[in-house]
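Trainee: File name upload-v7.cif; file contents mmCIF, C-alpha atoms; full text below.
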data_protein
#
loop_
_atom_site.label_atom_id
_atom_site.label_comp_id
_atom_site.auth_asym_id
_atom_site.auth_seq_id
_atom_site.Cartn_x
_atom_site.Cartn_y
_atom_site.Cartn_z
CA MET A 4 14.02 -17.22 9.45
CA GLY A 5 14.56 -20.11 11.84
CA LEU A 6 14.45 -17.78 14.85
CA SER A 7 12.47 -18.56 17.96
CA GLN A 8 10.26 -15.82 19.38
CA ARG A 9 12.64 -15.57 22.35
CA GLU A 10 15.71 -15.17 20.10
CA LEU A 11 14.02 -12.55 17.95
CA ALA A 12 12.85 -10.64 21.02
CA CYS A 13 16.40 -10.67 22.38
CA ARG A 14 17.88 -9.42 19.08
CA ALA A 15 15.23 -6.70 18.76
CA ALA A 16 15.69 -5.58 22.37
CA THR A 17 12.09 -6.28 23.28
CA SER A 18 10.33 -8.90 25.37
CA GLN A 19 8.93 -12.21 24.20
CA ALA A 20 5.58 -11.23 25.71
CA THR A 21 5.49 -8.11 23.54
CA LEU A 22 6.36 -10.05 20.39
CA SER A 23 3.72 -12.61 21.26
CA ALA A 24 1.14 -9.83 21.64
CA TYR A 25 2.09 -8.43 18.21
CA GLU A 26 1.79 -11.87 16.62
CA ALA A 27 -1.59 -12.50 18.21
CA GLY A 28 -2.84 -9.07 17.14
CA ARG A 29 -3.42 -7.90 20.71
CA LYS A 30 -0.98 -5.02 20.25
CA SER A 31 0.41 -3.13 17.28
CA PRO A 32 4.03 -2.02 17.08
CA SER A 33 4.96 1.53 16.09
CA LEU A 34 6.63 1.84 12.70
CA ASP A 35 10.05 2.31 14.38
CA THR A 36 9.57 -0.81 16.50
CA LEU A 37 8.38 -2.83 13.52
CA ALA A 38 11.45 -1.76 11.50
CA ARG A 39 13.70 -2.73 14.45
CA ILE A 40 12.11 -6.20 14.71
CA ILE A 41 12.38 -6.74 10.97
CA ARG A 42 16.05 -5.63 11.02
CA ALA A 43 16.66 -8.05 13.89
CA ALA A 44 15.29 -10.82 11.66
CA GLY A 45 17.86 -9.88 9.01
CA LEU A 46 15.40 -8.09 6.74
CA ASP A 47 14.69 -4.49 5.72
CA LEU A 48 11.27 -2.88 5.80
CA ARG A 49 10.54 -0.92 2.63
CA ILE A 50 7.39 1.09 2.18
CA GLN A 51 6.50 2.25 -1.28
CA LEU A 52 4.00 4.91 -2.23
CA THR A 53 2.21 4.11 -5.47
CA PRO A 54 -0.57 5.93 -7.29
CA ARG A 55 -4.00 4.76 -6.17
CA ASP A 56 -5.53 2.22 -8.52
CA ASP A 57 -9.11 3.43 -8.99
CA HIS A 58 -9.95 1.70 -12.26
CA ASP A 59 -12.40 -0.59 -10.48
CA GLU A 60 -14.39 2.37 -9.15
CA VAL A 61 -14.58 3.87 -12.64
CA MET A 62 -15.96 0.62 -14.03
CA ALA A 63 -18.36 0.16 -11.09
CA ALA A 64 -19.81 3.63 -11.69
CA TYR A 65 -20.30 2.81 -15.36
CA GLU A 66 -21.90 -0.51 -14.47
CA ALA A 67 -24.31 1.16 -12.07
CA SER A 68 -25.40 3.48 -14.87
CA LEU A 69 -26.53 0.58 -17.09
CA PRO A 70 -30.26 -0.14 -17.43
CA GLU A 71 -31.63 -2.79 -15.08
CA ARG A 72 -32.44 -5.11 -17.98
CA THR A 73 -28.80 -5.09 -19.09
CA ARG A 74 -27.58 -5.71 -15.56
CA ASN A 75 -29.98 -8.64 -15.15
CA ALA A 76 -28.82 -10.16 -18.42
CA ARG A 77 -25.23 -9.81 -17.25
CA ARG A 78 -26.04 -11.57 -13.98
CA LYS A 79 -27.64 -14.49 -15.85
CA ARG A 80 -24.61 -14.81 -18.09
CA ASP A 81 -22.23 -14.68 -15.08
CA LEU A 82 -24.25 -17.36 -13.36
CA ALA A 83 -24.04 -19.64 -16.39
CA ALA A 84 -20.23 -19.25 -16.51
CA ILE A 85 -19.92 -19.85 -12.77
CA ASN A 86 -22.07 -22.98 -12.83
CA LYS A 87 -20.21 -24.31 -15.86
CA ALA A 88 -16.96 -24.02 -13.88
CA ARG A 89 -18.61 -25.56 -10.80
CA ARG A 90 -19.88 -28.53 -12.83
CA THR A 91 -16.37 -29.15 -14.12
CA ARG A 92 -15.18 -29.28 -10.53
CA GLY A 93 -18.00 -31.41 -9.20
CA LEU A 94 -19.43 -28.57 -7.09
CA GLU A 95 -23.10 -27.86 -6.43
CA PRO A 96 -24.57 -25.20 -8.74
CA VAL A 97 -25.42 -21.79 -7.28
CA GLY A 98 -28.53 -19.68 -7.86
CA GLU A 99 -29.03 -15.98 -8.62
CA GLY A 100 -29.41 -15.25 -4.93
CA ASP A 101 -25.88 -16.53 -4.28
CA LEU A 102 -24.26 -14.19 -6.77
CA VAL A 103 -22.40 -11.40 -5.01
CA GLY A 104 -21.60 -8.08 -6.60
CA ALA A 105 -20.69 -4.81 -4.95
CA GLY A 106 -22.70 -3.85 -1.89
CA GLU A 107 -24.91 -6.91 -1.85
CA ARG A 108 -24.20 -8.37 1.56
CA GLY A 109 -25.14 -6.78 4.77
CA MET B 220 -17.62 -8.46 -19.63
CA ASP B 221 -19.52 -10.34 -22.33
CA SER B 222 -18.04 -13.83 -22.65
CA ALA B 223 -17.79 -13.58 -26.46
CA ASN B 224 -15.72 -10.41 -26.03
CA GLU B 225 -13.68 -11.98 -23.27
CA LYS B 226 -12.95 -14.88 -25.61
CA LYS B 227 -11.74 -12.50 -28.34
CA ILE B 228 -9.32 -10.83 -25.93
CA PHE B 229 -8.04 -14.19 -24.69
CA GLU B 230 -7.61 -15.31 -28.30
CA ALA B 231 -5.46 -12.30 -29.12
CA LEU B 232 -3.28 -12.91 -26.07
CA VAL B 233 -2.95 -16.65 -26.74
CA ASP B 234 -2.33 -16.15 -30.48
CA HIS B 235 0.56 -13.84 -29.69
CA GLY B 236 1.96 -16.20 -27.05
CA VAL B 237 1.59 -13.66 -24.24
CA ASP B 238 2.57 -15.00 -20.82
CA PHE B 239 -0.33 -13.79 -18.67
CA VAL B 240 -2.53 -14.75 -15.72
CA VAL B 241 -6.17 -13.70 -15.35
CA ILE B 242 -6.90 -11.92 -12.07
CA GLY B 243 -9.93 -10.12 -10.58
CA ALA B 244 -13.57 -11.16 -10.84
CA SER B 245 -13.07 -13.08 -14.11
CA ALA B 246 -10.47 -15.30 -12.46
CA ALA B 247 -12.91 -16.06 -9.64
CA ILE B 248 -15.83 -16.73 -12.00
CA LEU B 249 -13.77 -19.07 -14.19
CA GLN B 250 -13.19 -21.18 -11.07
CA GLY B 251 -16.85 -21.21 -10.05
CA VAL B 252 -16.86 -18.52 -7.35
CA PRO B 253 -20.30 -16.81 -7.27
CA ILE B 254 -19.09 -13.26 -7.85
CA ALA B 255 -20.73 -10.92 -10.36
CA ALA B 256 -18.39 -9.97 -13.20
CA THR B 257 -16.99 -6.51 -13.62
CA MET B 258 -17.13 -4.71 -16.96
CA ASP B 259 -13.43 -5.15 -17.58
CA LEU B 260 -11.09 -8.08 -17.94
CA ASP B 261 -8.06 -7.85 -15.65
CA VAL B 262 -4.85 -9.71 -16.28
CA THR B 263 -1.30 -9.51 -15.06
CA ALA B 264 1.62 -10.41 -17.28
CA SER B 265 5.30 -11.16 -17.26
CA THR B 266 7.38 -8.02 -17.81
CA THR B 267 10.20 -9.60 -19.78
CA LYS B 268 11.07 -7.60 -22.91
CA ARG B 269 9.94 -10.46 -25.13
CA ASN B 270 6.60 -10.76 -23.38
CA LEU B 271 5.95 -7.02 -23.49
CA GLU B 272 6.59 -7.12 -27.24
CA ARG B 273 4.03 -9.93 -27.56
CA LEU B 274 1.58 -8.07 -25.37
CA ALA B 275 2.04 -4.91 -27.45
CA ALA B 276 1.31 -6.91 -30.61
CA ALA B 277 -1.85 -8.38 -29.05
CA VAL B 278 -2.95 -4.94 -27.91
CA ARG B 279 -2.43 -3.64 -31.45
CA ASP B 280 -4.59 -6.45 -32.85
CA LEU B 281 -7.29 -5.56 -30.34
CA GLU B 282 -7.12 -1.94 -31.60
CA ALA B 283 -6.69 -0.81 -28.04
CA SER B 284 -6.37 2.75 -26.85
CA LEU B 285 -5.87 4.11 -23.38
CA ARG B 286 -9.09 4.21 -21.36
CA LEU B 287 -9.33 7.26 -19.14
CA PRO B 288 -11.83 7.95 -16.32
CA ASP B 289 -13.39 10.71 -18.41
CA PRO B 290 -14.55 9.10 -21.70
CA GLU B 291 -14.31 12.51 -23.38
CA GLU B 292 -10.63 12.71 -22.58
CA HIS B 293 -8.16 11.27 -25.06
CA VAL B 294 -4.42 10.70 -24.81
CA ASP B 295 -2.54 9.60 -27.88
CA MET B 296 0.17 7.31 -26.61
CA PRO B 297 2.00 4.53 -28.44
CA LEU B 298 1.20 1.21 -26.78
CA ASP B 299 4.47 -0.43 -27.64
CA ALA B 300 6.74 -2.58 -25.49
CA ARG B 301 8.87 0.41 -24.44
CA THR B 302 5.82 2.30 -23.19
CA LEU B 303 4.38 -0.76 -21.45
CA GLU B 304 7.71 -1.24 -19.68
CA THR B 305 7.31 2.13 -17.96
CA LEU B 306 3.79 1.47 -16.66
CA SER B 307 2.70 -0.38 -13.53
CA ALA B 308 -0.80 -0.73 -14.95
CA VAL B 309 -2.54 0.10 -18.20
CA THR B 310 -6.30 0.46 -18.63
CA LEU B 311 -7.38 -0.04 -22.22
CA MET B 312 -10.48 0.11 -24.36
CA THR B 313 -10.32 -2.52 -27.07
CA ARG B 314 -12.69 -3.42 -29.91
CA PHE B 315 -14.05 -6.04 -27.53
CA GLY B 316 -14.41 -3.88 -24.46
CA PRO B 317 -12.35 -2.76 -21.47
CA PHE B 318 -9.14 -4.66 -20.83
CA ASP B 319 -6.67 -3.91 -18.05
CA VAL B 320 -3.14 -5.13 -17.52
CA LEU B 321 -1.80 -4.71 -14.01
CA PHE B 322 1.90 -5.48 -13.86
CA ALA B 323 2.12 -5.37 -10.07
CA PRO B 324 -1.33 -5.95 -8.58
CA SER B 325 -1.56 -5.05 -4.89
CA GLY B 326 -1.20 -8.07 -2.63
CA SER B 327 0.00 -10.34 -5.43
CA PRO B 328 3.14 -12.40 -5.02
CA PRO B 329 5.85 -11.82 -7.66
CA TYR B 330 4.66 -12.80 -11.15
CA THR B 331 6.64 -16.05 -11.34
CA GLU B 332 5.09 -17.19 -8.06
CA LEU B 333 1.58 -16.09 -9.06
CA ARG B 334 2.00 -18.00 -12.34
CA ALA B 335 3.29 -21.10 -10.58
CA ASN B 336 0.28 -21.02 -8.22
CA ALA B 337 -2.18 -20.32 -11.06
CA VAL B 338 -4.80 -22.81 -12.23
CA GLU B 339 -5.35 -23.68 -15.89
CA VAL B 340 -8.91 -23.44 -17.17
CA ALA B 341 -10.33 -23.76 -20.67
CA PRO B 342 -13.47 -21.63 -20.73
CA PHE B 343 -13.74 -21.27 -24.51
CA GLY B 344 -11.60 -24.14 -25.65
CA LEU B 345 -8.61 -21.88 -24.96
CA VAL B 346 -6.33 -22.80 -22.10
CA VAL B 347 -5.70 -19.77 -19.88
CA ARG B 348 -4.14 -19.44 -16.44
CA VAL B 349 -6.19 -17.88 -13.68
CA ALA B 350 -4.82 -16.74 -10.33
CA SER B 351 -5.30 -19.27 -7.53
CA ILE B 352 -8.05 -18.65 -5.01
CA GLU B 353 -5.39 -18.08 -2.34
CA ASP B 354 -3.68 -15.39 -4.42
CA LEU B 355 -7.04 -13.79 -5.26
CA ILE B 356 -7.74 -13.69 -1.52
CA ALA B 357 -4.37 -12.00 -0.89
CA MET B 358 -5.11 -9.41 -3.59
CA LYS B 359 -8.58 -8.68 -2.22
CA ARG B 360 -7.14 -8.32 1.27
CA ALA B 361 -4.60 -5.81 0.00
CA ALA B 362 -7.20 -3.75 -1.88
CA GLY B 363 -9.21 -3.20 1.30
CA ARG B 364 -12.21 -1.50 -0.31
CA GLU B 365 -15.83 -2.16 0.69
CA LYS B 366 -16.53 -4.06 -2.52
CA ASP B 367 -13.39 -6.11 -2.03
CA ALA B 368 -14.45 -7.01 1.51
CA LEU B 369 -17.65 -8.56 0.09
CA HIS B 370 -15.77 -10.46 -2.57
CA LEU B 371 -13.19 -11.53 0.02
CA GLU B 372 -15.95 -13.08 2.09
CA VAL B 373 -17.17 -15.09 -0.91
CA LEU B 374 -13.66 -16.17 -1.87
CA LEU B 375 -12.96 -17.35 1.68
CA GLU B 376 -16.23 -19.31 1.69
CA PHE B 377 -15.30 -20.92 -1.63
CA PHE B 378 -11.82 -21.77 -0.32
CA GLU B 379 -13.41 -23.43 2.69
CA GLU B 380 -16.05 -25.21 0.58
CA THR B 381 -13.36 -26.73 -1.65
CA ASP B 382 -10.77 -27.22 1.12
CA GLY B 383 -8.36 -25.26 -1.05
CA ALA B 384 -8.45 -28.18 -3.50
CA PHE B 385 -8.22 -25.94 -6.56
CA SER B 386 -5.42 -23.70 -5.34
#
Translate this file's structure into structure tokens.
Mentor:
Amino acid sequence: MGLSQRELACRAATSQATLSAYEAGRKSPSLDTLARIIRAAGLDLRIQLTPRDDHDEVMAAYEASLPERTRNARRKRDLAAINKARRTRGLEPVGEGDLVGAGERG
Amino acid sequence: MDSANEKKIFEALVDHGVDFVVIGASAAILQGVPIAATMDLDVTASTTKRNLERLAAAVRDLEASLRLPDPEEHVDMPLDARTLETLSAVTLMTRFGPFDVLFAPSGSPPYTELRANAVEVAPFGLVVRVASIEDLIAMKRAAGREKDALHLEVLLEFFEETDGAFS
């Protein structure tokens, strides 16, 4: 936008310290304040409601229902594809223990 | 998804000249990120009329039907370009397994930007574009689910490991 923090604060009728706190994540603006700051920067804030995309959950549930043998075979195949790509890029290969699926890291 | 099946789906898309970019776990795997694959193949595609016609033709070749959460449920819906134009996402079951087209994935930049950032890979002798690691990170951040947080961690590690060299 080419605006300094001070200029934007002035246009949005707020202080530079407040803007700085928002940018650093120390404070969060209310929706009204956020819209005012965005307007001051010459932009409009638009929020859109869209239907929730849950197709991943449906597939994850199906995957979890597969027998362990099938899941293990899938992991081996994934690992082969990953290491093939890593070889192409000159990266170190990874092992089964490095493969991350859902819920596998604490 | 089984790589032989994934190849068949890619072949149908490439044969019909569909302008698409692979997203999701497959896009990460094809770049060497150690993430376990999901059952489905996710892509996003250009929504120009011409491209939707090509996509519809590929979907026909794949003998795709709508995939619903309840496998017993069935909706008979023509998967032509006009129908695809009205959808923001379509989850399909093809002869080669689940295949999803998300026209506006959460967190993704506009399609032209995503495509420009994408990386070309040739996993089965077929050149396909996969979303850049940076764009995959943005999409995972937007999804904000527990599973995505785990994948996000791995993507960020990969980005760091490669210094963003492949994005």
Trainee: So what does the PyMOL selection byres ((chain A) within 6 of (chain B)) actually pick up in this one, as an mmCIF file with C-alpha atoms, in the coordinates of the input?
Mentor:
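Output file out14.cif is given in full below:
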data_model
loop_
_atom_site.group_PDB
_atom_site.id
_atom_site.type_symbol
_atom_site.label_atom_id
_atom_site.label_comp_id
_atom_site.auth_asym_id
_atom_site.auth_seq_id
_atom_site.Cartn_x
_atom_site.Cartn_y
_atom_site.Cartn_z
ATOM 1 C CA ILE A 85 -19.920 -19.850 -12.770
ATOM 2 C CA ALA A 88 -16.960 -24.020 -13.880
ATOM 3 C CA ARG A 89 -18.610 -25.560 -10.800
ATOM 4 C CA LEU A 102 -24.260 -14.190 -6.770
ATOM 5 C CA VAL A 103 -22.400 -11.400 -5.010
ATOM 6 C CA GLY A 104 -21.600 -8.080 -6.600
ATOM 7 C CA ALA A 105 -20.690 -4.810 -4.950
#
Trainee: Give me the residues within 8 Å of Glu99 in chain A as a list in words, counting only C-alpha atoms and dropping any in the same chain fewer than 2 places off.
Mentor: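 The residues satisfying every condition are Arg78, Lys79, Leu82, Val97, Asp101 and Leu102 of chain A.
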Trainee: If I take CA of Leu37 in chain A and CA of Leu371 in chain B, how far is one from the other in Å, to one decimal?
Mentor: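 Taking CA of Leu37 in chain A and CA of Leu371 in chain B, their separation equals 26.9 Å.
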Trainee: Quick one: residues within 10 Å of Ala350 in chain B, all atoms listed in the file, excluding same-chain residues fewer than 4 positions away - as a PDB file with C-alpha atoms, keeping the file's coordinate frame?
Mentor:
ATOM      1  CA  PHE B 239      -0.330 -13.790 -18.670  1.00  0.00           C
ATOM      2  CA  VAL B 240      -2.530 -14.750 -15.720  1.00  0.00           C
ATOM      3  CA  VAL B 241      -6.170 -13.700 -15.350  1.00  0.00           C
ATOM      4  CA  ILE B 242      -6.900 -11.920 -12.070  1.00  0.00           C
ATOM      5  CA  GLY B 243      -9.930 -10.120 -10.580  1.00  0.00           C
ATOM      6  CA  SER B 245     -13.070 -13.080 -14.110  1.00  0.00           C
ATOM      7  CA  ALA B 246     -10.470 -15.300 -12.460  1.00  0.00           C
ATOM      8  CA  ALA B 247     -12.910 -16.060  -9.640  1.00  0.00           C
ATOM      9  CA  GLN B 250     -13.190 -21.180 -11.070  1.00  0.00           C
ATOM     10  CA  VAL B 262      -4.850  -9.710 -16.280  1.00  0.00           C
ATOM     11  CA  THR B 263      -1.300  -9.510 -15.060  1.00  0.00           C
ATOM     12  CA  SER B 327       0.000 -10.340  -5.430  1.00  0.00           C
ATOM     13  CA  LEU B 333       1.580 -16.090  -9.060  1.00  0.00           C
ATOM     14  CA  ARG B 334       2.000 -18.000 -12.340  1.00  0.00           C
ATOM     15  CA  ALA B 335       3.290 -21.100 -10.580  1.00  0.00           C
ATOM     16  CA  ASN B 336       0.280 -21.020  -8.220  1.00  0.00           C
ATOM     17  CA  ALA B 337      -2.180 -20.320 -11.060  1.00  0.00           C
ATOM     18  CA  VAL B 338      -4.800 -22.810 -12.230  1.00  0.00           C
ATOM     19  CA  GLU B 339      -5.350 -23.680 -15.890  1.00  0.00           C
ATOM     20  CA  ASP B 354      -3.680 -15.390  -4.420  1.00  0.00           C
ATOM     21  CA  LEU B 355      -7.040 -13.790  -5.260  1.00  0.00           C
ATOM     22  CA  ILE B 356      -7.740 -13.690  -1.520  1.00  0.00           C
ATOM     23  CA  MET B 358      -5.110  -9.410  -3.590  1.00  0.00           C
ATOM     24  CA  SER B 386      -5.420 -23.700  -5.340  1.00  0.00           C
TER      25      SER B 386
END
Trainee: Just give me the gap between CA of Ile228 in chain B and CA of Gly100 in chain A in Å, one decimal is fine.
Mentor: 29.4 Å
Trainee: Just the residues within 10 Å of Ala12 in chain A, please, counting all atoms listed in the file, with nothing from its chain fewer than 6 positions along; format it as a PyMOL selection string.
Mentor: chain A and resi 6+18-23+40+43-44
Trainee: On this structure, the PyMOL selection byres ((chain B and resi 274) around 10) would catch which residues? List them as a list in words, sorted by chain and number.
Mentor: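 Selected by the PyMOL selection byres ((chain B and resi 274) around 10) in this file: Ala231, Leu232, Val233, His235, Gly236, Val237, Asp238, Phe239, Ala264, Ser265, Thr266, Lys268, Arg269, Asn270, Leu271, Glu272, Arg273, Ala275, Ala276, Ala277, Val278, Arg279, Asp280, Leu298, Asp299, Ala300, Leu303 and Val320 of chain B.
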Trainee: What is the CA of Val294 in chain B to CA of Ala323 in chain B distance in Å?
Mentor: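 CA of Ala323 in chain B lies at a distance of 22.8 Å from CA of Val294 in chain B.
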Trainee: Excluding Glu230 in chain B and residues on its chain fewer than 5 positions from it, collect all residues at most 10 Å away from it, counting all atoms listed in the file, and give them as a PDB file with C-alpha atoms, keeping the file's coordinate frame.
Mentor:
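Writing done, so here's selection-v2.pdb:
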ATOM      1  CA  ASN B 224     -15.720 -10.410 -26.030  1.00  0.00           C
ATOM      2  CA  GLU B 225     -13.680 -11.980 -23.270  1.00  0.00           C
ATOM      3  CA  HIS B 235       0.560 -13.840 -29.690  1.00  0.00           C
ATOM      4  CA  GLY B 236       1.960 -16.200 -27.050  1.00  0.00           C
ATOM      5  CA  ALA B 277      -1.850  -8.380 -29.050  1.00  0.00           C
ATOM      6  CA  LEU B 281      -7.290  -5.560 -30.340  1.00  0.00           C
ATOM      7  CA  PHE B 343     -13.740 -21.270 -24.510  1.00  0.00           C
ATOM      8  CA  LEU B 345      -8.610 -21.880 -24.960  1.00  0.00           C
ATOM      9  CA  VAL B 346      -6.330 -22.800 -22.100  1.00  0.00           C
ATOM     10  CA  VAL B 347      -5.700 -19.770 -19.880  1.00  0.00           C
TER      11      VAL B 347
END
Trainee: Tell me, as a list in words, which residues lie within 8 Å of Ser284 in chain B, counting all atoms listed in the file; anything in the same chain fewer than 3 positions away does not count.
Mentor: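 Listing them by chain and then by number gives Asp295, Met296, Leu298, Leu311, Met312 and Thr313 of chain B.
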Trainee: Those selected residues, please, written with C-alpha atoms and delivered as a PDB file, keeping the file's coordinate frame.
Mentor:
ATOM      1  CA  ASP B 295      -2.540   9.600 -27.880  1.00  0.00           C
ATOM      2  CA  MET B 296       0.170   7.310 -26.610  1.00  0.00           C
ATOM      3  CA  LEU B 298       1.200   1.210 -26.780  1.00  0.00           C
ATOM      4  CA  LEU B 311      -7.380  -0.040 -22.220  1.00  0.00           C
ATOM      5  CA  MET B 312     -10.480   0.110 -24.360  1.00  0.00           C
ATOM      6  CA  THR B 313     -10.320  -2.520 -27.070  1.00  0.00           C
TER       7      THR B 313
END
Trainee: Generate the missing atoms of range 252-277 of chain B up to N, CA and C atoms and report them as a compact mmCIF listing (two decimals), in the coordinates of the input.
Mentor:
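Result written to selection-v1.txt:
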# COMPACT_ATOMS: atom_id res chain seq x y z
N VAL B 252 -16.53 -19.33 -8.54
CA VAL B 252 -16.86 -18.52 -7.35
C VAL B 252 -18.05 -17.61 -7.71
N PRO B 253 -19.11 -17.62 -6.91
CA PRO B 253 -20.30 -16.81 -7.27
C PRO B 253 -20.13 -15.31 -7.05
N ILE B 254 -19.33 -14.71 -7.90
CA ILE B 254 -19.09 -13.26 -7.85
C ILE B 254 -19.57 -12.67 -9.18
N ALA B 255 -20.27 -11.56 -9.12
CA ALA B 255 -20.73 -10.92 -10.36
C ALA B 255 -19.52 -10.32 -11.09
N ALA B 256 -19.53 -10.46 -12.40
CA ALA B 256 -18.39 -9.97 -13.20
C ALA B 256 -18.34 -8.45 -13.21
N THR B 257 -17.14 -7.94 -13.40
CA THR B 257 -16.99 -6.51 -13.62
C THR B 257 -16.99 -6.27 -15.13
N MET B 258 -17.04 -5.02 -15.53
CA MET B 258 -17.13 -4.71 -16.96
C MET B 258 -15.82 -5.00 -17.69
N ASP B 259 -14.74 -5.02 -16.92
CA ASP B 259 -13.43 -5.15 -17.58
C ASP B 259 -12.80 -6.51 -17.31
N LEU B 260 -11.86 -6.86 -18.14
CA LEU B 260 -11.09 -8.08 -17.94
C LEU B 260 -9.73 -7.66 -17.40
N ASP B 261 -9.36 -8.19 -16.26
CA ASP B 261 -8.06 -7.85 -15.65
C ASP B 261 -7.09 -9.00 -15.80
N VAL B 262 -5.90 -8.70 -16.26
CA VAL B 262 -4.85 -9.71 -16.28
C VAL B 262 -3.57 -9.09 -15.74
N THR B 263 -2.65 -9.96 -15.35
CA THR B 263 -1.30 -9.51 -15.06
C THR B 263 -0.40 -10.30 -16.00
N ALA B 264 0.78 -9.76 -16.27
CA ALA B 264 1.62 -10.41 -17.28
C ALA B 264 3.09 -10.30 -16.90
N SER B 265 3.85 -11.21 -17.47
CA SER B 265 5.30 -11.16 -17.26
C SER B 265 5.84 -9.88 -17.91
N THR B 266 6.85 -9.29 -17.28
CA THR B 266 7.38 -8.02 -17.81
C THR B 266 8.71 -8.20 -18.53
N THR B 267 8.97 -9.44 -18.99
CA THR B 267 10.20 -9.60 -19.78
C THR B 267 10.02 -8.82 -21.08
N LYS B 268 11.14 -8.41 -21.68
CA LYS B 268 11.07 -7.60 -22.91
C LYS B 268 10.28 -8.35 -23.99
N ARG B 269 10.59 -9.63 -24.11
CA ARG B 269 9.94 -10.46 -25.13
C ARG B 269 8.42 -10.50 -24.91
N ASN B 270 8.04 -10.65 -23.65
CA ASN B 270 6.60 -10.76 -23.38
C ASN B 270 5.89 -9.43 -23.62
N LEU B 271 6.58 -8.33 -23.26
CA LEU B 271 5.95 -7.02 -23.49
C LEU B 271 5.78 -6.77 -24.98
N GLU B 272 6.73 -7.26 -25.78
CA GLU B 272 6.59 -7.12 -27.24
C GLU B 272 5.37 -7.91 -27.72
N ARG B 273 5.19 -9.10 -27.16
CA ARG B 273 4.03 -9.93 -27.56
C ARG B 273 2.73 -9.27 -27.11
N LEU B 274 2.78 -8.74 -25.90
CA LEU B 274 1.58 -8.07 -25.37
C LEU B 274 1.24 -6.85 -26.24
N ALA B 275 2.27 -6.09 -26.61
CA ALA B 275 2.04 -4.91 -27.45
C ALA B 275 1.41 -5.32 -28.78
N ALA B 276 1.87 -6.44 -29.33
CA ALA B 276 1.31 -6.91 -30.61
C ALA B 276 -0.16 -7.32 -30.42
N ALA B 277 -0.46 -7.97 -29.32
CA ALA B 277 -1.85 -8.38 -29.05
C ALA B 277 -2.74 -7.14 -28.88
